[in-house]
file run_34.cif (mmCIF, C-alpha atoms)
data_protein
#
loop_
_atom_site.label_atom_id
_atom_site.label_comp_id
_atom_site.auth_asym_id
_atom_site.auth_seq_id
_atom_site.Cartn_x
_atom_site.Cartn_y
_atom_site.Cartn_z
CA MET A 18 175.16 121.73 88.71
CA GLU A 19 172.74 124.61 88.24
CA ARG A 20 169.48 124.40 90.17
CA PHE A 21 167.46 124.14 86.95
CA ASP A 22 169.53 121.15 85.79
CA GLN A 23 169.27 119.50 89.20
CA ARG A 24 165.49 119.87 89.23
CA LYS A 25 165.23 118.63 85.64
CA LYS A 26 167.23 115.54 86.58
CA ASP A 27 165.07 114.95 89.66
CA VAL A 28 161.77 115.39 87.85
CA LEU A 29 162.67 113.24 84.85
CA SER A 30 163.98 110.42 87.03
CA LYS A 31 160.85 110.29 89.15
CA GLU A 32 158.20 107.73 88.44
CA ASP A 33 155.19 109.00 86.56
CA LYS A 34 152.45 109.88 89.02
CA SER A 35 149.62 110.34 86.53
CA SER A 36 146.51 108.19 86.73
CA ILE A 37 147.48 106.29 83.58
CA GLY A 38 150.93 105.54 84.98
CA SER A 39 152.95 106.58 81.94
CA TRP A 40 153.23 109.20 79.26
CA ASP A 41 150.25 109.38 77.03
CA GLU A 42 151.67 107.86 73.79
CA LYS A 43 150.27 110.61 71.59
CA ILE A 44 152.25 113.29 73.39
CA ARG A 45 155.35 111.24 74.19
CA SER A 46 157.49 112.39 71.28
CA LEU A 47 156.70 116.07 71.95
CA CYS A 48 157.69 115.56 75.61
CA GLU A 49 160.86 113.75 74.60
CA MET A 50 161.73 116.51 72.15
CA LEU A 51 161.27 119.19 74.82
CA ASN A 52 163.19 117.19 77.42
CA SER A 53 166.07 116.79 74.98
CA CYS A 54 166.41 120.60 74.88
CA GLU A 55 168.71 121.83 77.61
CA ASN A 56 166.48 124.74 78.64
CA TYR A 57 163.21 122.85 79.09
CA TYR A 58 161.61 119.91 80.83
CA THR A 59 157.99 118.75 81.04
CA THR A 60 156.33 118.34 84.42
CA SER A 61 152.94 117.04 83.25
CA SER A 62 151.14 116.29 80.02
CA CYS A 63 147.95 114.93 78.52
CA ALA A 64 147.17 114.54 74.80
CA GLY A 65 143.49 115.18 75.42
CA ARG A 66 140.81 112.90 76.79
CA ILE A 67 137.14 112.09 77.09
CA VAL A 68 135.82 111.52 80.60
CA LEU A 69 132.68 110.88 82.58
CA MET A 70 133.22 112.22 86.08
CA VAL A 71 131.34 113.02 89.24
CA ASP A 72 130.47 116.73 89.25
CA ARG A 73 132.13 118.39 92.26
CA ASN A 74 133.43 121.91 92.66
CA LYS A 75 136.67 120.72 94.21
CA LYS A 76 139.12 118.30 92.70
CA GLU A 77 139.13 115.07 94.66
CA GLU A 78 140.43 111.61 94.04
CA GLY A 79 138.17 108.90 92.71
CA LEU A 80 135.76 111.06 90.73
CA PHE A 81 136.38 109.50 87.32
CA ARG A 82 133.85 106.94 86.09
CA PHE A 83 135.26 106.60 82.57
CA VAL A 84 138.43 107.92 80.94
CA SER A 85 139.52 107.53 77.32
CA HIS A 86 142.65 108.99 75.76
CA ASP A 87 141.53 107.61 72.45
CA LYS A 88 138.60 108.17 70.14
CA ILE A 89 135.41 106.56 71.35
CA ASN A 90 132.42 105.06 69.58
CA ILE A 91 128.79 105.29 70.55
CA ASN A 92 128.45 101.60 71.44
CA GLY A 93 131.46 101.67 73.74
CA LEU A 94 130.08 104.79 75.40
CA LEU A 95 126.65 103.22 75.85
CA GLU A 96 128.30 100.24 77.53
CA GLU A 97 130.08 102.57 79.94
CA ILE A 98 126.81 104.34 80.66
CA GLU A 99 125.26 101.01 81.64
CA LYS A 100 127.77 100.79 84.47
CA LEU A 101 127.07 104.24 85.94
CA ASP A 102 125.47 104.75 89.32
CA LEU A 103 122.65 107.11 88.41
CA GLU A 104 122.45 108.36 91.98
CA GLU A 105 125.65 110.30 91.32
CA GLU A 106 125.71 113.64 89.53
CA ILE A 107 127.94 113.05 86.51
CA LYS A 108 129.26 115.30 83.77
CA PHE A 109 130.71 114.58 80.35
CA LYS A 110 133.97 116.29 79.41
CA GLN A 111 136.16 116.22 76.35
CA GLU A 112 139.35 118.03 77.22
CA PRO A 113 142.06 119.36 74.86
CA PRO A 114 145.80 118.60 75.18
CA ILE A 115 147.63 120.22 78.09
CA LEU A 116 151.34 120.48 78.89
CA HIS A 117 153.31 122.03 81.72
CA ILE A 118 156.89 122.88 80.82
CA ALA A 119 159.55 124.26 83.17
CA CYS A 120 161.89 126.70 81.42
CA ARG A 121 165.41 127.77 82.41
CA GLU A 122 164.97 131.48 81.74
CA LEU A 123 162.15 133.83 80.88
CA LYS A 124 163.43 134.18 77.34
CA ASP A 125 163.08 130.39 76.90
CA ALA A 126 159.49 130.57 78.12
CA ARG A 127 158.80 133.41 75.72
CA LYS A 128 160.21 131.48 72.75
CA LEU A 129 158.12 128.40 73.54
CA LEU A 130 154.96 130.43 74.14
CA LYS A 131 155.36 132.17 70.80
CA LEU A 132 155.68 128.86 68.94
CA ALA A 133 152.65 127.45 70.75
CA LEU A 134 150.39 130.44 70.13
CA LYS A 135 151.38 130.38 66.46
CA GLY A 136 150.50 126.67 66.34
CA GLY A 137 146.95 127.11 67.64
CA TRP A 138 147.49 126.44 71.36
CA LYS A 139 145.20 129.36 72.14
CA LYS A 140 144.91 128.99 75.91
CA SER A 141 148.61 129.17 76.73
CA GLY A 142 150.60 131.32 79.11
CA ILE A 143 153.36 131.56 81.67
CA ILE A 144 151.67 130.38 84.86
CA SER A 145 154.67 130.82 87.15
CA CYS A 146 157.67 133.07 86.80
CA SER A 147 159.07 133.51 90.27
CA GLU A 148 161.26 130.72 91.63
CA ARG A 149 160.39 128.38 88.78
CA ILE A 150 159.36 129.46 85.30
CA VAL A 151 156.51 127.30 84.02
CA VAL A 152 154.57 127.55 80.77
CA GLU A 153 151.14 125.95 80.39
CA LEU A 154 150.15 125.02 76.83
CA ASN A 155 146.48 124.34 76.27
CA CYS A 156 144.14 124.25 73.29
CA SER A 157 140.59 125.50 73.35
CA GLU A 158 138.55 122.71 71.73
CA LYS A 159 136.33 121.46 74.51
CA ILE A 160 132.96 119.88 75.24
CA GLU A 161 131.39 119.84 78.69
CA PHE A 162 127.82 119.32 79.86
CA PRO A 163 125.74 117.78 82.67
CA PHE A 164 125.09 114.13 81.92
CA VAL A 165 123.41 112.38 84.84
CA GLU A 166 121.24 114.25 87.34
CA GLY A 167 118.28 113.44 89.56
CA GLY A 168 118.65 109.71 88.95
CA ARG A 169 118.53 109.82 85.17
CA ILE A 170 120.54 110.36 82.02
CA LEU A 171 119.70 113.79 80.60
CA VAL A 172 120.56 113.26 76.96
CA SER A 173 119.43 111.15 74.02
CA GLU A 174 121.39 108.76 71.85
CA THR A 175 121.03 111.17 68.91
CA PHE A 176 122.73 113.86 70.97
CA LEU A 177 125.43 111.44 72.10
CA ASP A 178 126.06 110.48 68.47
CA SER A 179 126.83 114.08 67.71
CA VAL A 180 128.92 114.50 70.88
CA VAL A 181 130.98 111.40 70.08
CA LYS A 182 131.64 112.72 66.56
CA LYS A 183 132.66 116.19 67.78
CA SER A 184 134.74 114.80 70.63
CA ASN A 185 136.66 112.57 68.26
CA GLU A 186 137.18 115.49 65.87
CA ASN A 187 138.47 117.62 68.74
CA LEU A 188 140.86 114.89 69.91
CA THR A 189 142.19 114.48 66.38
CA ALA A 190 142.64 118.25 66.03
CA GLY A 191 144.57 118.22 69.32
CA TRP A 192 146.88 115.40 68.15
CA LYS A 193 147.61 117.36 64.98
CA LYS A 194 148.55 120.39 67.06
CA ILE A 195 150.85 118.22 69.19
CA GLU A 196 152.59 116.89 66.08
CA ARG A 197 152.90 120.35 64.56
CA LEU A 198 154.37 121.73 67.78
CA ARG A 199 156.86 118.87 67.95
CA LYS A 200 158.15 119.81 64.53
CA GLU A 201 158.29 123.50 65.37
CA CYS A 202 160.06 122.83 68.67
CA GLU A 203 163.02 121.34 66.83
CA ILE A 204 164.46 124.86 66.64
CA LEU A 205 164.52 125.09 70.44
CA GLY A 206 167.15 122.35 70.77
CA MET B 16 155.82 160.19 79.42
CA GLU B 17 156.86 156.55 79.59
CA ARG B 18 155.64 154.27 76.79
CA PHE B 19 153.50 152.26 79.19
CA ASP B 20 151.73 155.41 80.41
CA GLN B 21 151.23 156.65 76.88
CA ARG B 22 149.67 153.35 75.80
CA LYS B 23 147.50 153.26 78.91
CA LYS B 24 146.22 156.74 78.12
CA ASP B 25 145.56 155.78 74.49
CA VAL B 26 143.78 152.55 75.30
CA LEU B 27 141.60 153.98 78.05
CA SER B 28 140.54 156.96 75.96
CA LYS B 29 139.50 154.80 73.01
CA GLU B 30 135.89 153.92 72.51
CA ASP B 31 134.92 150.45 73.61
CA LYS B 32 135.00 148.13 70.61
CA SER B 33 133.29 145.14 72.19
CA SER B 34 130.07 143.78 70.77
CA ILE B 35 128.04 145.11 73.70
CA GLY B 36 129.54 148.59 73.28
CA SER B 37 130.50 149.20 76.89
CA TRP B 38 132.02 147.55 79.91
CA ASP B 39 130.03 144.67 81.19
CA GLU B 40 128.56 146.14 84.41
CA LYS B 41 129.50 143.13 86.53
CA ILE B 42 133.18 143.59 85.82
CA ARG B 43 133.27 147.38 85.63
CA SER B 44 134.42 148.02 89.20
CA LEU B 45 137.23 145.48 88.92
CA CYS B 46 138.37 147.14 85.67
CA GLU B 47 138.15 150.59 87.27
CA MET B 48 140.13 149.37 90.27
CA LEU B 49 142.88 147.96 88.03
CA ASN B 50 142.95 151.04 85.82
CA SER B 51 143.33 153.24 88.90
CA CYS B 52 146.60 151.41 89.70
CA GLU B 53 149.53 153.06 87.99
CA ASN B 54 151.11 149.78 86.83
CA TYR B 55 148.07 148.22 85.16
CA TYR B 56 145.36 148.81 82.59
CA THR B 57 142.71 146.52 81.14
CA THR B 58 142.53 145.94 77.41
CA SER B 59 139.47 143.69 77.30
CA SER B 60 137.04 142.09 79.71
CA CYS B 61 133.90 139.98 79.98
CA ALA B 62 132.13 138.97 83.20
CA GLY B 63 131.02 135.67 81.64
CA ARG B 64 128.24 134.95 79.20
CA ILE B 65 125.85 132.44 77.72
CA VAL B 66 125.74 132.21 73.93
CA LEU B 67 124.26 130.31 71.04
CA MET B 68 126.65 130.57 68.12
CA VAL B 69 127.31 129.09 64.72
CA ASP B 70 129.92 126.35 65.05
CA ARG B 71 132.99 127.28 62.98
CA ASN B 72 136.62 126.50 63.56
CA LYS B 73 137.68 130.06 62.85
CA LYS B 74 136.47 133.16 64.61
CA GLU B 75 134.39 135.26 62.26
CA GLU B 76 132.01 138.13 62.65
CA GLY B 77 128.28 137.55 62.79
CA LEU B 78 128.28 134.06 64.29
CA PHE B 79 126.31 134.87 67.44
CA ARG B 80 122.62 133.99 67.44
CA PHE B 81 122.01 134.78 71.13
CA VAL B 82 124.18 136.40 73.79
CA SER B 83 123.34 136.94 77.46
CA HIS B 84 125.63 138.45 80.08
CA ASP B 85 122.96 137.76 82.66
CA LYS B 86 121.33 134.68 84.08
CA ILE B 87 118.79 133.13 81.75
CA ASN B 88 115.57 131.21 82.31
CA ILE B 89 114.26 128.26 80.37
CA ASN B 90 111.32 130.16 78.84
CA GLY B 91 113.53 132.95 77.58
CA LEU B 92 115.88 130.39 76.10
CA LEU B 93 113.04 128.50 74.42
CA GLU B 94 111.88 131.77 72.84
CA GLU B 95 115.38 132.31 71.45
CA ILE B 96 115.44 128.78 70.12
CA GLU B 97 112.23 129.48 68.20
CA LYS B 98 114.11 132.14 66.23
CA LEU B 99 117.01 129.90 65.20
CA ASP B 100 117.64 128.85 61.63
CA LEU B 101 117.91 125.08 62.02
CA GLU B 102 119.89 124.81 58.81
CA GLU B 103 122.85 126.27 60.67
CA GLU B 104 125.11 124.19 62.90
CA ILE B 105 124.85 125.86 66.30
CA LYS B 106 126.54 125.26 69.64
CA PHE B 107 125.67 126.30 73.18
CA LYS B 108 128.41 127.89 75.27
CA GLN B 109 128.55 129.23 78.78
CA GLU B 110 131.86 131.01 79.18
CA PRO B 111 133.57 132.12 82.42
CA PRO B 112 134.89 135.66 83.09
CA ILE B 113 137.97 136.74 81.14
CA LEU B 114 140.24 139.76 81.51
CA HIS B 115 143.31 140.98 79.65
CA ILE B 116 145.50 143.31 81.68
CA ALA B 117 148.62 145.11 80.48
CA CYS B 118 151.27 145.39 83.20
CA ARG B 119 154.16 147.85 83.44
CA GLU B 120 156.80 145.34 84.55
CA LEU B 121 157.07 141.62 84.91
CA LYS B 122 156.96 141.91 88.69
CA ASP B 123 153.57 143.63 88.39
CA ALA B 124 152.30 140.77 86.21
CA ARG B 125 153.57 138.28 88.73
CA LYS B 126 151.84 140.01 91.64
CA LEU B 127 148.50 140.12 89.79
CA LEU B 128 148.79 136.51 88.63
CA LYS B 129 149.44 135.34 92.17
CA LEU B 130 146.34 137.12 93.50
CA ALA B 131 144.22 135.71 90.68
CA LEU B 132 145.38 132.11 91.08
CA LYS B 133 144.74 132.37 94.82
CA GLY B 134 141.25 133.67 94.09
CA GLY B 135 140.23 130.73 91.91
CA TRP B 136 141.05 132.13 88.44
CA LYS B 137 142.53 128.79 87.51
CA LYS B 138 143.19 129.33 83.80
CA SER B 139 145.39 132.40 84.12
CA GLY B 140 148.83 133.25 82.81
CA ILE B 141 151.14 135.78 81.23
CA ILE B 142 150.25 135.56 77.55
CA SER B 143 152.76 138.15 76.32
CA CYS B 144 155.99 139.31 77.89
CA SER B 145 158.04 140.80 75.11
CA GLU B 146 157.22 144.34 74.03
CA ARG B 147 154.04 144.45 76.07
CA ILE B 148 153.41 142.44 79.23
CA VAL B 149 149.86 141.08 79.27
CA VAL B 150 148.17 138.83 81.81
CA GLU B 151 145.06 136.84 80.91
CA LEU B 152 142.77 135.97 83.82
CA ASN B 153 140.25 133.24 83.17
CA CYS B 154 138.16 130.90 85.28
CA SER B 155 137.46 127.29 84.38
CA GLU B 156 133.69 126.90 84.87
CA LYS B 157 132.37 126.20 81.40
CA ILE B 158 129.63 124.42 79.49
CA GLU B 159 129.82 123.70 75.77
CA PHE B 160 127.97 121.25 73.54
CA PRO B 161 126.52 120.84 70.04
CA PHE B 162 122.99 122.20 69.98
CA VAL B 163 121.59 122.25 66.45
CA GLU B 164 122.78 119.85 63.77
CA GLY B 165 121.30 118.21 60.68
CA GLY B 166 118.26 120.47 60.76
CA ARG B 167 117.18 119.70 64.31
CA ILE B 168 117.70 120.55 67.95
CA LEU B 169 119.67 117.75 69.59
CA VAL B 170 118.60 118.18 73.21
CA SER B 171 115.46 117.92 75.30
CA GLU B 172 113.81 120.51 77.54
CA THR B 173 114.77 118.42 80.59
CA PHE B 174 118.42 118.66 79.58
CA LEU B 175 118.08 122.39 78.91
CA ASP B 176 116.55 122.85 82.37
CA SER B 177 119.68 121.38 83.88
CA VAL B 178 121.98 123.37 81.57
CA VAL B 179 120.22 126.63 82.43
CA LYS B 180 120.59 125.90 86.14
CA LYS B 181 124.30 125.00 85.84
CA SER B 182 125.01 127.93 83.54
CA ASN B 183 123.43 130.37 85.99
CA GLU B 184 125.38 128.80 88.87
CA ASN B 185 128.60 129.15 86.87
CA LEU B 186 127.88 132.79 86.01
CA THR B 187 127.17 133.56 89.67
CA ALA B 188 130.37 131.79 90.74
CA GLY B 189 132.26 133.93 88.20
CA TRP B 190 130.75 137.17 89.52
CA LYS B 191 131.80 136.20 93.04
CA LYS B 192 135.35 135.63 91.84
CA ILE B 193 135.32 139.05 90.16
CA GLU B 194 134.17 140.70 93.38
CA ARG B 195 136.73 138.82 95.46
CA LEU B 196 139.52 139.79 93.07
CA ARG B 197 138.45 143.43 93.17
CA LYS B 198 138.87 143.41 96.93
CA GLU B 199 142.22 141.62 96.77
CA CYS B 200 143.49 143.99 94.08
CA GLU B 201 143.20 146.93 96.44
CA ILE B 202 146.73 146.15 97.61
CA LEU B 203 148.04 146.70 94.07
CA GLY B 204 147.20 150.41 94.13
#

call {"tool": "encode", "arguments": {"input": "run_34.cif", "output": "structure tokens"}}
result
Amino acid sequence: MERFDQRKKDVLSKEDKSSIGSWDEKIRSLCEMLNSCENYYTTSSCAGRIVLMVDRNKKEEGLFRFVSHDKININGLLEEIEKLDLEEEIKFKQEPPILHIACRELKDARKLLKLALKGGWKKSGIISCSERIVVELNCSEKIEFPFVEGGRILVSETFLDSVVKKSNENLTAGWKKIERLRKECEILG
Amino acid sequence: MERFDQRKKDVLSKEDKSSIGSWDEKIRSLCEMLNSCENYYTTSSCAGRIVLMVDRNKKEEGLFRFVSHDKININGLLEEIEKLDLEEEIKFKQEPPILHIACRELKDARKLLKLALKGGWKKSGIISCSERIVVELNCSEKIEFPFVEGGRILVSETFLDSVVKKSNENLTAGWKKIERLRKECEILG
């Protein structure tokens, strides 16, 4: 068996190590489509999310105070805010979809990248092309701002109303891009 | 002359088409360093910036209402806010440094990408590898939120104080990464 095929088998048989413990439903069919192509397999994916997290420069475990992979509403958010420890420095983030895909050869990476860029995945590129060839697909719709600092919440409910609306719009735009890419990726099979 | 060399000559002799009309000073020496290497040339660059811009899905000309490539202070920002047309939907953005670099061969792209990822340019990748090989280097420190909507400013001065502080910190962190990369890129020559 070729090394690529062996690694694909290993990766896809491993248990999901993500914090939600399984594929994000909204990106599952795109992942399945890619994994059904002989020259690709996904190594990580997220359909986009809204989080409240402790603001640190370095990634560490246990920084998330709220995570939603779905649209949110202002009342639900306000309830989450009630639970926050205001002594922590916390930021709000709405993140776009992201996918890491291992590719058999450079030409496979190129094909996928071209489809993605055409489909509005503006922040995409080949992030590794030595031993393993890996493409990162990422969209650009994002919101990020300081939320809790100095013992208090920095923003008003009016502002949060607008942020919730935009965040939901951005998530929906991301899901549409995922669905579009799934259709376009049919030619890769 | 090889096609790469011809294109490099053409690109570097062209007038700068960016909105500020010249290389951003804080990234100039990194660009000069890369352009002095025979296997690389830069096609666009920004050392990071803080902007107020009209919120549209598509990029268009004339959307910027305020642009700073330097640190800002709250009073300067408040003065800019005075000038805004509140009938427009406006967002605040602090963007990290970004660079596009054409590379002669894939191995040159790989070398540069490795240095950049090591130096904290987390959102970097090869964005084109067909006719031209282009690497995008990008950092991840970012702030972005809705600012003016429905005829009014959505945020308080307290919040802006915090945003100004974070934005300046992010810009400074970006400049440090530029300087570090310049030093590391000396081995590419």

call {"tool": "resolve_selection", "arguments": {"input": "run_34.cif", "expression": "the PyMOL selection byres ((chain A) within 10 of (chain B))", "output": "NGL selection string"}}
result
:A and (74 or 109-111 or 123-124 or 126-128 or 130-131 or 134 or 139-147 or 151-153 or 155 or 158-167 or 170-180 or 183-184)

call {"tool": "closest_residue", "arguments": {"input": "run_34.cif", "among": "B:Arg80, B:Pro112, B:Arg22, B:Gly63", "to": "B:Ile96", "atoms": "only C-alpha atoms"}}
result
B:Arg80

call {"tool": "residues_around", "arguments": {"input": "run_34.cif", "residues": "A:Gly137", "least_positions_apart": "6", "cutoff": "9 Å", "atoms": "only C-alpha atoms", "output": "compact mmCIF listing (two decimals) with C-alpha atoms, in the coordinates of the input"}}
result
# COMPACT_ATOMS: atom_id res chain seq x y z
CA CYS A 156 144.14 124.25 73.29
CA SER A 157 140.59 125.50 73.35
CA LYS A 194 148.55 120.39 67.06

call {"tool": "atom_distance", "arguments": {"input": "run_34.cif", "atom1": "atom CA of B:Ser28", "atom2": "atom CA of B:Lys41"}}
result
20.6 Å

call {"tool": "residues_around", "arguments": {"input": "run_34.cif", "residues": "B:Cys200", "least_positions_apart": "4", "cutoff": "10 Å", "atoms": "all atoms listed in the file", "output": "PDB file with C-alpha atoms, keeping the file's coordinate frame"}}
result
ATOM      1  CA  LEU B  45     137.230 145.480  88.920  1.00  0.00           C
ATOM      2  CA  MET B  48     140.130 149.370  90.270  1.00  0.00           C
ATOM      3  CA  LEU B  49     142.880 147.960  88.030  1.00  0.00           C
ATOM      4  CA  CYS B  52     146.600 151.410  89.700  1.00  0.00           C
ATOM      5  CA  LYS B 126     151.840 140.010  91.640  1.00  0.00           C
ATOM      6  CA  LEU B 127     148.500 140.120  89.790  1.00  0.00           C
ATOM      7  CA  LEU B 130     146.340 137.120  93.500  1.00  0.00           C
ATOM      8  CA  ALA B 131     144.220 135.710  90.680  1.00  0.00           C
ATOM      9  CA  GLU B 194     134.170 140.700  93.380  1.00  0.00           C
ATOM     10  CA  ARG B 195     136.730 138.820  95.460  1.00  0.00           C
ATOM     11  CA  LEU B 196     139.520 139.790  93.070  1.00  0.00           C
ATOM     12  CA  GLY B 204     147.200 150.410  94.130  1.00  0.00           C
TER      13      GLY B 204
END

call {"tool": "closest_residue", "arguments": {"input": "run_34.cif", "among": "A:Ile204, A:Leu154, A:Ile67, A:Leu103", "to": "A:Ser85", "atoms": "all atoms listed in the file"}}
result
A:Ile67
